[in-house]
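Here is the structure we will look at.
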Amino acid sequence: MTVKFFATLKLKLGVASVEVDAEPGLSVGQAIKRAEQSTGRSFWSDIFDKQGKTFPGGMVLLDGANIAHQNGVDTPVGDAETISVFPPAGGG
Amino acid sequence: MISTNDRYARHRPLLSDQGMQRLRSTRVVLAGAGGLGSNVAMLLVRLGIATLIIRDPGVLDAPDLNRQVLYTPADLGRPKVEVARQRLYDINPDVELEVRQERITRSSRLPNADICFDCLDSFGSRAALEVALQNAPEGSRAAGCDAGDQNAATLRGLPLPLIHGGAEGWFGQVSTLAPGGGGYRAVFGPGFDERADEEAEGKPIMPHVVALVAAAQVAEFVRWCDAGTDAMLVGRILVIDGMHQHHEIITLQS
């Protein structure tokens, strides 16, 4: 599956997306950990607090569905094709 | 004196009669008169809306000048809404301007309007706006039904379309929250307003990114005039990358 990075996260990592293996039972959090390994950069703490909850204003979408409305990082990826990761960006 | 036909001659042919009529009769609430807000206000006034209602508590500071298009160095220290009123009147005196220097809170009552722009700079202030829009309108006699008294989870839903814009660094986003929908929580998740210290003030921001986001917000408004909320970014979010010039619309699943 594809893990896509947006906004300042894309800038930090220097890539727009990475491909990760997604076997049955993999969670969103595990997929994002694999994406960290693939990019060689740690970004978990840019997106999630110590409880693994998305920082306010940020979004992690599993095929467009916000994991905050599901089981957060424990949400199974199932047969989804894309995880989109947005750091908080709410200025005006 | 400029005739209405002349003033709107270049965009009038691009709208239906109904769309132009709607544009010319619309009352707009603009929450925030900073980077996004000053760009949005300028475009709305040039388009020729009926009434622009602006709420912003701020005074002009030097770092605002890189992107807040209505203001000049001579305005430093002045309330933004007062300067905005003067500049916007100079641009198009046909538009009625109702400005007030105040922060929108959960207990605010806003005048009746048809549509609202979120040009705020924090998710906490957006949560307050969402509640204030559900309070009884300013001047109404309705009592005891203010949404500000309710738990956020029990709110009735927005009474009007709310065009959200946000920008930071080289990036921004635009989405429209439909009347009666799930509001900001549906898009950003249930804890979107929990970080009280998240104010964007002082964070780096590219001026052209602010202009891109504001223009996309106004595009939402123009499409609403012509075709209603079905033509807008409802349940979708436009992600703007002002560095790589790559813009993308993502469909949000509920």
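Residue numbering restarts at 1 for every chain of the structure tokens, chains are lettered A, B, ... in their displayed order, and ligands are numbered from 1 as they appear.
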
Give one line per residue of chain A that approaches chain B to at most 12 Å, naming the two atoms of the closest pair and their distance in Å to one decimal, counting only C-alpha atoms; sort by chain then ascending residue number and deliver it as a tab-separated table.
```
residue	atom	partner	partner_atom	distance
A:Lys4	CA	B:Ile250	CA	11.6
A:Phe5	CA	B:Val239	CA	11.3
A:Phe6	CA	B:Val239	CA	8.1
A:Ala7	CA	B:Phe171	CA	5.3
A:Thr8	CA	B:Phe171	CA	7.3
A:Leu9	CA	B:Phe171	CA	10.4
A:Lys10	CA	B:Asp241	CA	9.8
A:Leu11	CA	B:Met243	CA	9.1
A:Gly14	CA	B:His244	CA	11.5
A:Val15	CA	B:His244	CA	11.5
A:Ala16	CA	B:His244	CA	10.5
A:Asp49	CA	B:Arg195	CA	11.2
A:Lys53	CA	B:Gly191	CA	9.0
A:Thr54	CA	B:Gly191	CA	8.4
A:Phe55	CA	B:Phe192	CA	7.6
A:Pro56	CA	B:Phe192	CA	4.1
A:Gly57	CA	B:Phe192	CA	5.0
A:Gly58	CA	B:Phe188	CA	6.7
A:Met59	CA	B:Phe188	CA	6.0
A:Val60	CA	B:Phe188	CA	9.0
A:Leu61	CA	B:Leu252	CA	8.0
A:Leu62	CA	B:Gln253	CA	8.8
A:Asp63	CA	B:Gln253	CA	7.6
A:Gly64	CA	B:Leu252	CA	4.4
A:Ala65	CA	B:Gln253	CA	4.5
A:Asn66	CA	B:Gly189	CA	6.8
A:Ile67	CA	B:Gly189	CA	8.1
A:Ala68	CA	B:Gly189	CA	5.2
A:His69	CA	B:Gly189	CA	6.3
A:Gln70	CA	B:Gly189	CA	9.7
A:Asn71	CA	B:Gly189	CA	11.7
A:Gly72	CA	B:Gly189	CA	10.1
A:Thr82	CA	B:Ile250	CA	11.2
A:Ile83	CA	B:Ile250	CA	11.5
A:Ser84	CA	B:Ile250	CA	9.2
A:Val85	CA	B:Ile250	CA	11.7
A:Phe86	CA	B:Val239	CA	9.7
A:Pro87	CA	B:Glu168	CA	10.4
A:Pro88	CA	B:Glu168	CA	9.0
A:Ala89	CA	B:Glu168	CA	5.6
A:Gly90	CA	B:Gly166	CA	4.6
A:Gly91	CA	B:Asp121	CA	4.0
A:Gly92	CA	B:Asp121	CA	4.3
```

Selected residues written out, C-alpha atoms, as an mmCIF file, in the first residue's frame:
```cif
data_model
loop_
_atom_site.group_PDB
_atom_site.id
_atom_site.type_symbol
_atom_site.label_atom_id
_atom_site.label_comp_id
_atom_site.auth_asym_id
_atom_site.auth_seq_id
_atom_site.Cartn_x
_atom_site.Cartn_y
_atom_site.Cartn_z
ATOM 1 C CA LYS A 4 1.415 9.602 1.266
ATOM 2 C CA PHE A 5 2.909 12.588 3.057
ATOM 3 C CA PHE A 6 1.501 16.090 2.882
ATOM 4 C CA ALA A 7 2.506 19.639 3.715
ATOM 5 C CA THR A 8 5.452 20.142 6.059
ATOM 6 C CA LEU A 9 5.847 16.388 6.450
ATOM 7 C CA LYS A 10 6.514 15.981 2.737
ATOM 8 C CA LEU A 11 9.109 18.723 3.016
ATOM 9 C CA GLY A 14 11.877 14.809 0.995
ATOM 10 C CA VAL A 15 9.476 12.337 -0.610
ATOM 11 C CA ALA A 16 5.749 12.524 -1.378
ATOM 12 C CA ASP A 49 0.964 12.375 20.834
ATOM 13 C CA LYS A 53 -3.629 10.059 19.176
ATOM 14 C CA THR A 54 -3.408 12.360 16.141
ATOM 15 C CA PHE A 55 -2.414 15.887 17.168
ATOM 16 C CA PRO A 56 -5.326 18.356 16.951
ATOM 17 C CA GLY A 57 -5.649 19.716 13.422
ATOM 18 C CA GLY A 58 -3.666 16.842 11.910
ATOM 19 C CA MET A 59 -5.253 14.039 9.931
ATOM 20 C CA VAL A 60 -4.426 10.462 9.096
ATOM 21 C CA LEU A 61 -6.765 9.162 6.412
ATOM 22 C CA LEU A 62 -7.193 5.527 5.447
ATOM 23 C CA ASP A 63 -8.574 5.669 1.898
ATOM 24 C CA GLY A 64 -10.044 9.054 2.875
ATOM 25 C CA ALA A 65 -11.522 7.950 6.224
ATOM 26 C CA ASN A 66 -10.064 9.713 9.245
ATOM 27 C CA ILE A 67 -8.693 7.103 11.676
ATOM 28 C CA ALA A 68 -9.712 9.423 14.527
ATOM 29 C CA HIS A 69 -13.276 8.256 13.838
ATOM 30 C CA GLN A 70 -12.165 4.628 13.888
ATOM 31 C CA ASN A 71 -9.675 2.917 16.198
ATOM 32 C CA GLY A 72 -6.898 5.427 15.722
ATOM 33 C CA THR A 82 -3.624 4.533 0.712
ATOM 34 C CA ILE A 83 -2.775 6.145 4.021
ATOM 35 C CA SER A 84 -2.576 9.953 3.793
ATOM 36 C CA VAL A 85 -0.724 11.719 6.594
ATOM 37 C CA PHE A 86 -1.284 15.428 7.280
ATOM 38 C CA PRO A 87 0.497 17.299 10.036
ATOM 39 C CA PRO A 88 -1.543 20.060 11.725
ATOM 40 C CA ALA A 89 -1.729 23.228 9.585
ATOM 41 C CA GLY A 90 -4.348 25.677 10.650
ATOM 42 C CA GLY A 91 -2.917 29.167 10.280
ATOM 43 C CA GLY A 92 -4.590 31.975 8.472
#
```

Task: alpha helix (DSSP H) positions in stretch 20-205 of chain B, given as JSON, numbers by chain - done: {"B": [20, 21, 22, 23, 24, 25, 35, 36, 37, 38, 39, 40, 41, 42, 43, 44, 45, 46, 47, 80, 81, 82, 83, 84, 85, 86, 87, 88, 89, 90, 91, 123, 124, 125, 126, 127, 128, 129, 130, 131, 132, 183, 184, 185, 186, 187, 188]}

Open item on the list: Report as a PyMOL selection string all protein, DNA and RNA residues lying within 6 Å of B:Pro137, evaluated on only C-alpha atoms, omitting residues in the same chain fewer than 3 positions from it.
Closed with: chain B and resi 109-112+140

Open item on the list: I'd like the neighbourhood of A:Val20 as a PyMOL selection string, where a residue qualifies if any of its atoms comes within 7 Å (using only C-alpha atoms), though same-chain residues fewer than 2 positions away should be ignored.
Closed with: chain A and resi 1-2+18+22+31+34-35

Open item on the list: As an exercise, work out the distance from atom CA of B:Phe221 to atom CA of B:Ala84 in Å and give it to one decimal place.
Closed with: 20.1 Å

Task: Spatial neighbours of B:Met42, max dist 8 Å, only C-alpha atoms, sep filter under 6 positions, as JSON, numbers by chain - done: {"B": [70, 88, 91]}

Open item on the list: Could you check the closest approach to A:Asp79 for each of A:Ser17, A:Trp44, A:Lys50, A:Val28 and tell me which residue wins, using only C-alpha atoms?
Closed with: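 Of A:Ser17, A:Trp44, A:Lys50, A:Val28, the one nearest A:Asp79, counting only C-alpha atoms, is A:Val28.
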
Open item on the list: I'd like the neighbourhood of B:Gln101 as a ChimeraX atom specification, where a residue qualifies if any of its atoms comes within 6 Å (using only C-alpha atoms), though same-chain residues fewer than 3 positions away should be ignored.
Closed with: /B:55-57

Task: Between atom CA of B:Pro159 and atom CA of B:Arg46, distance in Å (one decimal) - done: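 Atom CA of B:Arg46 lies at a distance of 26.1 Å from atom CA of B:Pro159.
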
TODO: Enumerate as a ChimeraX atom specification all residues of chain A assigned to strand (DSSP E) by DSSP on the backbone, naming them with the chain letters and numbers the document uses.
DONE: /A:2-5,17-19,59-62,65-66,82-86

Could you write those residues out with all heavy atoms, as a short mmCIF file (atom, residue, chain, number, x, y, z; two decimals), in the first residue's frame?
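Generated output (again31.cif):
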```
data_model
loop_
_atom_site.label_atom_id
_atom_site.label_comp_id
_atom_site.auth_asym_id
_atom_site.auth_seq_id
_atom_site.Cartn_x
_atom_site.Cartn_y
_atom_site.Cartn_z
N THR A 2 0.23 2.39 -0.31
CA THR A 2 0.97 3.66 -0.40
C THR A 2 0.73 4.50 0.85
O THR A 2 -0.41 4.64 1.29
CB THR A 2 0.50 4.46 -1.64
OG1 THR A 2 0.63 3.63 -2.80
CG2 THR A 2 1.32 5.72 -1.81
N VAL A 3 1.80 5.02 1.41
CA VAL A 3 1.68 6.01 2.49
C VAL A 3 2.11 7.35 1.90
O VAL A 3 3.25 7.50 1.47
CB VAL A 3 2.55 5.64 3.71
CG1 VAL A 3 2.38 6.69 4.82
CG2 VAL A 3 2.18 4.25 4.23
N LYS A 4 1.15 8.30 1.87
CA LYS A 4 1.42 9.60 1.27
C LYS A 4 1.64 10.66 2.35
O LYS A 4 0.94 10.66 3.38
CB LYS A 4 0.23 10.02 0.38
CG LYS A 4 0.01 9.09 -0.80
CD LYS A 4 -1.23 9.47 -1.59
CE LYS A 4 -1.02 10.72 -2.42
NZ LYS A 4 -2.20 10.98 -3.31
N PHE A 5 2.58 11.54 2.09
CA PHE A 5 2.91 12.59 3.06
C PHE A 5 2.51 13.95 2.49
O PHE A 5 2.76 14.22 1.30
CB PHE A 5 4.41 12.58 3.35
CG PHE A 5 4.94 11.23 3.68
CD1 PHE A 5 5.88 10.61 2.87
CD2 PHE A 5 4.49 10.55 4.81
CE1 PHE A 5 6.36 9.35 3.16
CE2 PHE A 5 4.97 9.27 5.11
CZ PHE A 5 5.92 8.67 4.29
N SER A 17 5.68 10.09 -1.10
CA SER A 17 5.02 8.84 -0.70
C SER A 17 6.03 7.71 -0.67
O SER A 17 7.11 7.81 -1.27
CB SER A 17 3.88 8.50 -1.66
OG SER A 17 4.39 8.21 -2.94
N VAL A 18 5.68 6.65 0.04
CA VAL A 18 6.46 5.41 0.00
C VAL A 18 5.48 4.24 -0.09
O VAL A 18 4.30 4.36 0.29
CB VAL A 18 7.37 5.23 1.25
CG1 VAL A 18 8.47 6.28 1.30
CG2 VAL A 18 6.56 5.23 2.54
N GLU A 19 5.98 3.12 -0.60
CA GLU A 19 5.19 1.89 -0.63
C GLU A 19 5.60 1.00 0.53
O GLU A 19 6.80 0.86 0.81
CB GLU A 19 5.41 1.14 -1.95
CG GLU A 19 4.97 1.91 -3.20
CD GLU A 19 3.46 2.10 -3.25
OE1 GLU A 19 2.73 1.17 -2.85
OE2 GLU A 19 3.03 3.19 -3.69
N MET A 59 -4.35 15.08 10.42
CA MET A 59 -5.25 14.04 9.93
C MET A 59 -4.45 12.86 9.41
O MET A 59 -3.43 13.05 8.75
CB MET A 59 -6.11 14.55 8.77
CG MET A 59 -7.15 15.58 9.12
SD MET A 59 -8.25 15.89 7.71
CE MET A 59 -7.12 16.57 6.52
N VAL A 60 -4.94 11.67 9.74
CA VAL A 60 -4.43 10.46 9.10
C VAL A 60 -5.63 9.78 8.46
O VAL A 60 -6.58 9.39 9.17
CB VAL A 60 -3.73 9.53 10.11
CG1 VAL A 60 -3.28 8.24 9.42
CG2 VAL A 60 -2.53 10.23 10.75
N LEU A 61 -5.62 9.69 7.15
CA LEU A 61 -6.76 9.16 6.41
C LEU A 61 -6.43 7.80 5.83
O LEU A 61 -5.38 7.63 5.20
CB LEU A 61 -7.15 10.11 5.27
CG LEU A 61 -7.39 11.58 5.64
CD1 LEU A 61 -7.72 12.39 4.39
CD2 LEU A 61 -8.51 11.72 6.66
N LEU A 62 -7.32 6.85 6.04
CA LEU A 62 -7.19 5.53 5.45
C LEU A 62 -8.19 5.46 4.30
O LEU A 62 -9.41 5.41 4.54
CB LEU A 62 -7.48 4.46 6.51
CG LEU A 62 -7.36 2.99 6.09
CD1 LEU A 62 -5.92 2.66 5.69
CD2 LEU A 62 -7.84 2.07 7.21
N ALA A 65 -10.78 7.99 4.95
CA ALA A 65 -11.52 7.95 6.22
C ALA A 65 -10.57 8.27 7.37
O ALA A 65 -9.53 7.62 7.54
CB ALA A 65 -12.14 6.58 6.43
N ASN A 66 -10.92 9.28 8.15
CA ASN A 66 -10.06 9.71 9.24
C ASN A 66 -10.01 8.63 10.33
O ASN A 66 -11.06 8.23 10.86
CB ASN A 66 -10.62 11.03 9.82
CG ASN A 66 -9.61 11.74 10.70
OD1 ASN A 66 -8.81 11.10 11.38
ND2 ASN A 66 -9.64 13.06 10.69
N THR A 82 -4.41 3.34 0.43
CA THR A 82 -3.62 4.53 0.71
C THR A 82 -3.83 5.03 2.14
O THR A 82 -4.96 5.09 2.63
CB THR A 82 -4.02 5.68 -0.26
OG1 THR A 82 -3.93 5.21 -1.59
CG2 THR A 82 -3.12 6.89 -0.08
N ILE A 83 -2.73 5.39 2.77
CA ILE A 83 -2.78 6.14 4.02
C ILE A 83 -2.23 7.53 3.70
O ILE A 83 -1.14 7.66 3.14
CB ILE A 83 -1.92 5.49 5.12
CG1 ILE A 83 -2.48 4.11 5.49
CG2 ILE A 83 -1.86 6.39 6.37
CD1 ILE A 83 -1.58 3.33 6.46
N SER A 84 -3.01 8.57 4.02
CA SER A 84 -2.58 9.95 3.79
C SER A 84 -2.32 10.61 5.14
O SER A 84 -3.18 10.59 6.01
CB SER A 84 -3.66 10.74 3.04
OG SER A 84 -3.98 10.08 1.83
N VAL A 85 -1.13 11.18 5.30
CA VAL A 85 -0.72 11.72 6.59
C VAL A 85 -0.54 13.23 6.49
O VAL A 85 0.29 13.71 5.71
CB VAL A 85 0.59 11.07 7.08
CG1 VAL A 85 0.91 11.51 8.49
CG2 VAL A 85 0.50 9.54 7.00
N PHE A 86 -1.33 13.95 7.27
CA PHE A 86 -1.28 15.43 7.28
C PHE A 86 -0.88 15.91 8.66
O PHE A 86 -1.57 15.64 9.63
CB PHE A 86 -2.67 16.02 7.00
CG PHE A 86 -3.23 15.72 5.66
CD1 PHE A 86 -3.83 14.50 5.40
CD2 PHE A 86 -3.19 16.66 4.65
CE1 PHE A 86 -4.37 14.21 4.15
CE2 PHE A 86 -3.73 16.39 3.41
CZ PHE A 86 -4.32 15.17 3.16
#
```

Open item on the list: Please report the interatomic distance between atom CA of A:Asp74 and atom CA of B:Ile249 in Å with one decimal.
Closed with: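 It comes out at 26.0 Å.
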
- [ ] Compile the contact shell of B:Ala178 as a ChimeraX atom specification: residues with an atom at most 12 Å away, counting only C-alpha atoms, same-chain residues fewer than 3 positions apart removed.
- [x] /B:115-116,130,157-164,175,181-184,186-187,220,224,228-236

Export N, CA and C atoms of the chosen residues as a short mmCIF file (atom, residue, chain, number, x, y, z; two decimals), in the first residue's frame?
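Once written, out-v8.cif looks like this:
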```
data_model
loop_
_atom_site.label_atom_id
_atom_site.label_comp_id
_atom_site.auth_asym_id
_atom_site.auth_seq_id
_atom_site.Cartn_x
_atom_site.Cartn_y
_atom_site.Cartn_z
N ILE B 115 -23.70 32.78 4.20
CA ILE B 115 -22.53 31.91 4.06
C ILE B 115 -21.40 32.51 4.91
N CYS B 116 -20.46 31.67 5.33
CA CYS B 116 -19.39 32.15 6.21
C CYS B 116 -18.04 31.66 5.71
N GLU B 130 -17.72 27.75 15.04
CA GLU B 130 -18.73 26.75 14.71
C GLU B 130 -19.91 26.81 15.69
N GLY B 157 -25.95 21.51 14.29
CA GLY B 157 -25.33 21.51 12.97
C GLY B 157 -25.32 22.93 12.43
N LEU B 158 -24.42 23.18 11.52
CA LEU B 158 -24.27 24.53 10.96
C LEU B 158 -25.54 24.95 10.22
N PRO B 159 -25.93 26.21 10.36
CA PRO B 159 -27.11 26.69 9.64
C PRO B 159 -26.79 27.20 8.23
N LEU B 160 -25.52 27.26 7.89
CA LEU B 160 -25.12 27.83 6.59
C LEU B 160 -23.80 27.21 6.16
N PRO B 161 -23.46 27.30 4.88
CA PRO B 161 -22.16 26.74 4.45
C PRO B 161 -21.00 27.52 5.08
N LEU B 162 -19.97 26.78 5.47
CA LEU B 162 -18.79 27.38 6.09
C LEU B 162 -17.57 26.96 5.27
N ILE B 163 -16.92 27.95 4.66
CA ILE B 163 -15.78 27.67 3.78
C ILE B 163 -14.50 27.79 4.60
N HIS B 164 -13.88 26.64 4.85
CA HIS B 164 -12.67 26.59 5.69
C HIS B 164 -11.42 26.79 4.84
N SER B 175 -11.72 23.40 2.44
CA SER B 175 -12.83 22.46 2.41
C SER B 175 -14.08 23.23 2.82
N GLY B 181 -24.22 19.38 8.51
CA GLY B 181 -23.26 18.28 8.47
C GLY B 181 -22.50 18.12 9.78
N GLY B 182 -21.46 17.35 9.73
CA GLY B 182 -20.72 17.02 10.95
C GLY B 182 -19.70 18.05 11.38
N GLY B 183 -19.58 19.14 10.64
CA GLY B 183 -18.70 20.22 11.04
C GLY B 183 -17.22 19.84 11.00
N TYR B 184 -16.43 20.60 11.75
CA TYR B 184 -14.98 20.38 11.75
C TYR B 184 -14.63 18.98 12.27
N ALA B 186 -16.05 16.20 11.82
CA ALA B 186 -16.16 15.18 10.78
C ALA B 186 -14.90 15.16 9.91
N VAL B 187 -14.31 16.32 9.70
CA VAL B 187 -13.13 16.41 8.83
C VAL B 187 -11.86 16.11 9.61
N GLU B 220 -14.84 28.66 -4.13
CA GLU B 220 -15.94 27.91 -3.52
C GLU B 220 -17.20 28.77 -3.46
N TRP B 224 -20.81 28.28 -5.32
CA TRP B 224 -22.05 28.21 -4.52
C TRP B 224 -23.09 29.14 -5.11
N GLY B 228 -24.86 26.09 -5.88
CA GLY B 228 -25.14 25.58 -4.54
C GLY B 228 -24.03 24.70 -3.97
N THR B 229 -24.31 24.06 -2.85
CA THR B 229 -23.27 23.30 -2.15
C THR B 229 -22.84 22.05 -2.91
N ASP B 230 -23.68 21.56 -3.84
CA ASP B 230 -23.29 20.36 -4.60
C ASP B 230 -22.01 20.58 -5.40
N ALA B 231 -21.75 21.84 -5.75
CA ALA B 231 -20.57 22.14 -6.58
C ALA B 231 -19.34 22.44 -5.74
N MET B 232 -19.46 22.35 -4.44
CA MET B 232 -18.37 22.78 -3.56
C MET B 232 -17.56 21.59 -3.03
N LEU B 233 -16.52 21.91 -2.30
CA LEU B 233 -15.65 20.89 -1.70
C LEU B 233 -16.25 20.38 -0.39
N VAL B 234 -17.47 19.85 -0.50
CA VAL B 234 -18.12 19.25 0.67
C VAL B 234 -17.74 17.78 0.70
N GLY B 235 -17.21 17.31 1.84
CA GLY B 235 -16.74 15.94 1.91
C GLY B 235 -15.45 15.72 1.13
N ARG B 236 -14.82 16.80 0.77
CA ARG B 236 -13.53 16.73 0.06
C ARG B 236 -12.64 17.83 0.60
#
```
